[in-house]
Number of protein chains: 2
Amino acid sequence: MTESPGQGGKVVILTGGVGGAKLALGMAHAGLDAEITAIVNTGDDFEHMGLRISPDIDTLLYTLSGKANAAQGWGREGETWSFMDAAKSLGAPDWFNLGDGDLALHVLRTQALRDDRSLSDITRRFAQSWGITMRVLPMTDQPLATIVHTDEGDLPFQSYFVEERCAPIVRDISFMGEADAKPAKNVVAAITDPDNRAVIIAPSNPFLSIAPILSVPGIADALRQTDAPVVAVSPLVGGQAVKGPTSKIMTELGLAHDACAVAEFYGDIIDAMLVDERDDPSIALPEGIVVCHADTLMHSLADKVRVAKAALALADTMR
Amino acid sequence: MTESPGQGGKVVILTGGVGGAKLALGMAHAGLDAEITAIVNTGDDFEHMGLRISPDIDTLLYTLSGKANAAQGWGREGETWSFMDAAKSLGAPDWFNLGDGDLALHVLRTQALRDDRSLSDITRRFAQSWGITMRVLPMTDQPLATIVHTDEGDLPFQSYFVEERCAPIVRDISFMGEADAKPAKNVVAAITDPDNRAVIIAPSNPFLSIAPILSVPGIADALRQTDAPVVAVSPLVGGQAVKGPTSKIMTELGLAHDACAVAEFYGDIIDAMLVDERDDPSIALPEGIVVCHADTLMHSLADKVRVAKAALALADTMR
């Protein structure tokens, strides 16, 4: 629904897994009749037991198709575990759980990648099979791996996040392959589309889930260039992350636990930030970043729709 | 238990999947205290959804470790099917069912093969993990694929057997890769071991399960050279196959439905044949092949042990 040239209704969301998928689901149910594009972190992707796993893409596919295990935040509702039981009996590593139904995405993705299909193409076909109307794009089709530099050494993301349960102290985060990575097809065009209403940065972990997306050469520039307002939803509620290691990492990186630190991290790529109403109202964001306070907790679907609409409303004030 | 030089107690079994696995299980429970080696058909092996599947090896591993679905004849007892349900929802082919627990063997085998481990080595580790004391050897570590030439074209084994349910009329059977295949490590040494008591050809399909083993260059010669009696257990009971397409194929290949036709097919590689007592006793085997009639039906474990012992007893008469 293009309201006027340069003032269309399309929405783009940059997102990681669990928290970002909630906002994406809210956006999908916000009654928009223009295209929504999710640009998804693939810095967590890895190979395990010879299978290519894309955790954030999968979480989005499960969430948007109604298959997600909502209580757990990852994987499928009603999952079974016969594969893991058998694999363990054969001496396979047991630190990363692969559900039986979940394996379908991994097995079929691995096969298609070996047949030289792109991750974008594979993801599009998966989304289509499950009736997902949102356009789901990996940030890149090239390998770009998040490496967490800790006091216990440099760890690939899943080793840090799952195997070590985020226990090691984070000193720095880098992205292996970023020099050679290109944005996947349609990513830059989606961000700079003149018909965009808003580009939303989901309340995913800024350092582990959004930073990899921004590290792909060309994506940060596209965010700076787009005519659409770029609105970040703060991942903090009352100065704490709702889930995951965001707060812990902020401490370890010497950052304050507040929306200002997140806004400074995003810098000139964002125009505005939706900050939780429980946060200290006296904390000012960096100059030039518009702030709006709202309830950003997302439990029910109604919550998710409410936060999606609040982020869009904030964007609309900037046009 | 070596009784005397050249008269040891070791036993070798050449086997395919279901029927052969029954005899192998009987042999494992026959109270022998010498090594038993199963040399297993890999002509049915194929790649499906990017996974390397070795149906006969897997059936043997499940049977010998007590995990087999006895009623079905393949796969695991108590199997779940979440993977197939999810894979089908993503448009994957549904003609070959991969159980959730069963996937563990396929995923781990595929990964290990890509890491340049041999099928022999992988199979040995699987057997070890499951406490299987029988030595399970693939016939070869190279690809050697059974091709069924039918009135509907040339079909890879699984397409003929599973996808087409053995319906096409068989004109011929050949083995792709046989010129380059070598017996897997220890296969020839096992057959020609001077400490062998017997080499048994299991009552598997002679044309689809045993012929691929015999097609590996060097294996048929080893069977001719070994000092141990080579005893085939006829797959026919009352002139009919207990299970599978053996009888249908014999008709299509213009062969009589009797043990003589099977013995002629094996030719000079066998010394004796255990024939079911329900078969027509007037049918003579080719000259030089010793025959013994017995009840060869194997339902219970006791049946399997009984047939294994009968095959060994027949071998013992020839020493």
# chains A, B, ... in the order shown; residues from 1 in each chain; ligands from 1
>>> interface_residues(of="chain A", to="chain B", cutoff="6 Å", atoms="only C-alpha atoms", output="MDAnalysis selection string")
chainID A and resid 50 82:83 86:87 90 100:101 104 111 129
>>> select_by_dssp(residues="region 106-256 of chain B", states="strand (DSSP E or B)", output="PyMOL selection string")
chain B and resi 135-138+140+145-150+153-156+170-176+183+196-201+230-233+236-237+240-241
>>> residues_around(residues="region 197-200 of chain B", least_positions_apart="5", cutoff="9 Å", atoms="only C-alpha atoms", output="PyMOL selection string")
chain B and resi 6-15+191+223+226-233+308+311-312+315-316+319
>>> closest_residue(among="B:Leu60, B:Val237, B:Val162, B:Ala28", to="Asp94 (chain B)", atoms="only C-alpha atoms")
B:Val162
>>> select_by_dssp(residues="region 59-148 of chain B", states="helix (DSSP H, G or I)", output="ChimeraX atom specification")
/B:59-64,82-89,103-114,119-129
>>> residues_around(residues="Met139 (chain B)", least_positions_apart="5", cutoff="12 Å", atoms="only C-alpha atoms", output="count of residues only")
44
>>> atom_distance(atom1="CA of Ala68 (chain B)", atom2="CA of Leu297 (chain B)")
18.5 Å
>>> atom_distance(atom1="CA of Thr251 (chain B)", atom2="CA of Asn97 (chain B)")
29.0 Å
>>> closest_residue(among="A:Lys243, A:Arg124, A:Arg278, A:Arg117", to="Gln72 (chain A)", atoms="only C-alpha atoms")
A:Lys243
>>> atom_distance(atom1="CA of Pro168 (chain A)", atom2="CA of Ile201 (chain A)")
27.0 Å
>>> closest_residue(among="B:Thr133, B:Ser234, B:Gln240, B:Ile249", to="His293 (chain B)", atoms="only C-alpha atoms")
B:Ser234
>>> residues_around(residues="Val18 (chain A)", least_positions_apart="5", cutoff="10 Å", atoms="only C-alpha atoms", output="list of chain:residue names")
A:Leu23, A:Ala24, A:Pro55, A:Asp56, A:Thr59, A:Leu60, A:Thr63, A:Ala68, A:Ala70, A:Gln72, A:Gly73, A:Trp74, A:Pro203, A:Ser204, A:Asn205, A:Lys243, A:Gly244
>>> closest_residue(among="A:Asp276, A:Asp258, A:Asp172, A:Asp193", to="Ile147 (chain A)", atoms="only C-alpha atoms")
A:Asp172
